[in-house]
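Reading through the structure tokens given below for one structure.
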Amino acid sequence: MTDVPEITLNNGVTIPQLGFGVYQIPPEQTKDATLTALEIGYRHLDTAQMYRNERGVGEAVRASGLAREDVFVTSKLNNPHLTRDDQLASFEQTLAELDLGYLDLFLIHWPLPTVRDFVETWRVMEEILAGGKVRAIGVSNFEPAHLDRLAAETDTVPAINQIEAHPYLTNDTVRAYDSEHGIATEAWAPIAKGKVADDPVIKGIAERLGRSPAQVTLRWHLQRGDIVFPKSVTRSRVEENFALFDFELSDDDLAAITALNTDARIGPHPDAMDRVTT
């Protein structure tokens with residue numbers, strides 16, 4: 001079994017640096033896809049209320065035969081849950097859907113600065129953490145200005161900030177802020193929804209190393225120190241995405257991939273995200 005490096009969060013909880021994401025996996029396929037990932041060796045699963053497939057993730061963990069404490073499970077607060085009562089009820093629903101006893105990490109999915117007071121939302125997250133049914137809390141898609149408000153007005157530093165990051169949006173300003181403030185960075189859309197497959201720079205590195213462009217890009221993320229969780233429902237691709245720990249990129253390789261940055265986003269900028277449904 002491959003030993004996946006672990007990142008220690010600012011509250012002492014550890015999280016595997018490589019995980020399996022279930023975004024856009026249909027609910028009816030989620031159990032089987034997740035169970036495949038667990039069989040391959042993944043021990044970190046990333047879901048969300050918005051994905052509507054939490055139940056399949058929980059079913060897979062229970063069917064895997066693994067001890068609950070050996071699998072790290074993340075979910076995220078859905079955008080329409082704006083009030084304290086809605087947040088608390090939605091968290092209890094997540095626990096019920098997963099049926100795993102507790103959650104390892106719960107994130108605010110989007111700050112929605114023009115829709116809600118995300119500081120109040122974070123205070124409810126602190127309340128959830130104090131309740132003992134989640135081991136860590138964090139945020140997703142938060143910019144430094146959002147994080148500055150949390151630091152000034154609340155008591156808990158987010159354990160994680162999950163942001164869009166890939167070779168075309170390295171997001172280094174946010175990553176540097178996170179690092180300076182003891183917040184781990186997770187990268188979503190790590191292979192830019194497959195765009196790296198046709199990139200001549202990444203393809204050239206991959207051919208030289210005998211790897212796929214996706215593997216090279218995921219390795220780039222890992223060597224940058226970020227947490228990453230690629231998604232696929234194809235077993236061979238899930239296996240490929242896990243085979244990242246028997247090779248390394250050189251400093252020149254890392255620099256060449258980083259130089260591809262054009263600040264090109266796949267998703268909306270967090271300050272422009274004003275929808276309560278996604």
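Ordered as shown in the structure tokens, chains take letters A, B, and onward, while each chain numbers its residues from 1 and ligands are numbered from 1 in the order shown.
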
**Report entry** Contacts of stretch 220-227 of chain A at 8 Å (only C-alpha atoms; same-chain gap of 5+ positions) as a PyMOL selection string
**Finding:** chain A and resi 7+16-19+166+184-187+190+249+254+257

Store the residues picked out above in a file with N, CA and C atoms, as a PDB file, in the first residue's frame.
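Written output follows (result-v5.pdb):
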ATOM      1  N   ILE A   7      -0.798  16.045   5.786  1.00  0.00           N
ATOM      2  CA  ILE A   7      -0.621  17.437   6.175  1.00  0.00           C
ATOM      3  C   ILE A   7      -1.231  17.601   7.566  1.00  0.00           C
ATOM      4  N   PRO A  16      -4.754  13.304   4.654  1.00  0.00           N
ATOM      5  CA  PRO A  16      -3.943  12.827   3.530  1.00  0.00           C
ATOM      6  C   PRO A  16      -3.854  13.890   2.437  1.00  0.00           C
ATOM      7  N   GLN A  17      -2.655  14.082   1.903  1.00  0.00           N
ATOM      8  CA  GLN A  17      -2.448  15.134   0.915  1.00  0.00           C
ATOM      9  C   GLN A  17      -3.139  14.835  -0.409  1.00  0.00           C
ATOM     10  N   LEU A  18      -3.341  13.564  -0.715  1.00  0.00           N
ATOM     11  CA  LEU A  18      -4.047  13.165  -1.925  1.00  0.00           C
ATOM     12  C   LEU A  18      -5.383  12.546  -1.543  1.00  0.00           C
ATOM     13  N   GLY A  19      -6.446  13.007  -2.188  1.00  0.00           N
ATOM     14  CA  GLY A  19      -7.771  12.474  -1.912  1.00  0.00           C
ATOM     15  C   GLY A  19      -8.528  12.160  -3.185  1.00  0.00           C
ATOM     16  N   HIS A 166      -4.606  25.534 -10.506  1.00  0.00           N
ATOM     17  CA  HIS A 166      -4.098  24.648 -11.564  1.00  0.00           C
ATOM     18  C   HIS A 166      -3.018  25.422 -12.307  1.00  0.00           C
ATOM     19  N   ALA A 184      -4.043  25.461   5.622  1.00  0.00           N
ATOM     20  CA  ALA A 184      -3.667  24.558   4.527  1.00  0.00           C
ATOM     21  C   ALA A 184      -4.482  24.890   3.284  1.00  0.00           C
ATOM     22  N   THR A 185      -3.850  24.765   2.123  1.00  0.00           N
ATOM     23  CA  THR A 185      -4.525  25.031   0.854  1.00  0.00           C
ATOM     24  C   THR A 185      -4.878  23.726   0.159  1.00  0.00           C
ATOM     25  N   GLU A 186      -6.126  23.640  -0.276  1.00  0.00           N
ATOM     26  CA  GLU A 186      -6.570  22.540  -1.132  1.00  0.00           C
ATOM     27  C   GLU A 186      -6.872  23.103  -2.521  1.00  0.00           C
ATOM     28  N   ALA A 187      -6.570  22.324  -3.553  1.00  0.00           N
ATOM     29  CA  ALA A 187      -6.761  22.773  -4.927  1.00  0.00           C
ATOM     30  C   ALA A 187      -7.929  22.038  -5.578  1.00  0.00           C
ATOM     31  N   PRO A 190      -7.833  20.649 -10.223  1.00  0.00           N
ATOM     32  CA  PRO A 190      -6.364  20.625 -10.253  1.00  0.00           C
ATOM     33  C   PRO A 190      -5.765  20.398 -11.630  1.00  0.00           C
ATOM     34  N   LEU A 249       9.276  15.790  -9.810  1.00  0.00           N
ATOM     35  CA  LEU A 249       9.575  16.804 -10.805  1.00  0.00           C
ATOM     36  C   LEU A 249      10.803  17.591 -10.356  1.00  0.00           C
ATOM     37  N   LEU A 254       9.030  22.183 -12.232  1.00  0.00           N
ATOM     38  CA  LEU A 254       8.077  22.930 -11.407  1.00  0.00           C
ATOM     39  C   LEU A 254       7.945  24.363 -11.914  1.00  0.00           C
ATOM     40  N   ILE A 257       6.007  24.632 -15.294  1.00  0.00           N
ATOM     41  CA  ILE A 257       4.551  24.487 -15.144  1.00  0.00           C
ATOM     42  C   ILE A 257       3.966  25.734 -14.494  1.00  0.00           C
TER      43      ILE A 257
END

Q. Could you pull the residues within 10 Å of A:Pro268, counting only C-alpha atoms, minus those fewer than 4 positions along the same chain, as JSON, numbers by chain?
A. {"A": [141, 164, 272, 273, 274]}

Of A:Glu153, A:Glu239, A:Asp252, A:Asp3, the one sitting nearest A:Glu39 when using only C-alpha atoms is A:Glu239

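Using only C-alpha atoms for every distance, the candidate list A:Pro111, A:Pro167, A:Pro270, A:Gly132 yields A:Pro167 as the residue closest to A:Ile202.
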
Neighbours of A:Phe106 within 6 Å (only C-alpha atoms; same-chain residues fewer than 2 positions away dropped), as a VMD selection string?
chain A and resid 74 to 76 137

Can I get the selection written as a short mmCIF file (atom, residue, chain, number, x, y, z; two decimals), in the first residue's frame, with N, CA and C atoms?
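Dumped to result_33.cif:
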data_model
loop_
_atom_site.label_atom_id
_atom_site.label_comp_id
_atom_site.auth_asym_id
_atom_site.auth_seq_id
_atom_site.Cartn_x
_atom_site.Cartn_y
_atom_site.Cartn_z
N THR A 74 -14.61 14.88 4.03
CA THR A 74 -14.95 16.31 4.00
C THR A 74 -16.31 16.51 3.36
N SER A 75 -17.10 17.44 3.90
CA SER A 75 -18.27 17.93 3.19
C SER A 75 -18.32 19.45 3.35
N LYS A 76 -19.25 20.08 2.63
CA LYS A 76 -19.30 21.54 2.56
C LYS A 76 -20.74 22.03 2.69
N ILE A 137 -12.84 22.63 10.91
CA ILE A 137 -13.69 23.45 10.04
C ILE A 137 -12.79 24.32 9.17
#
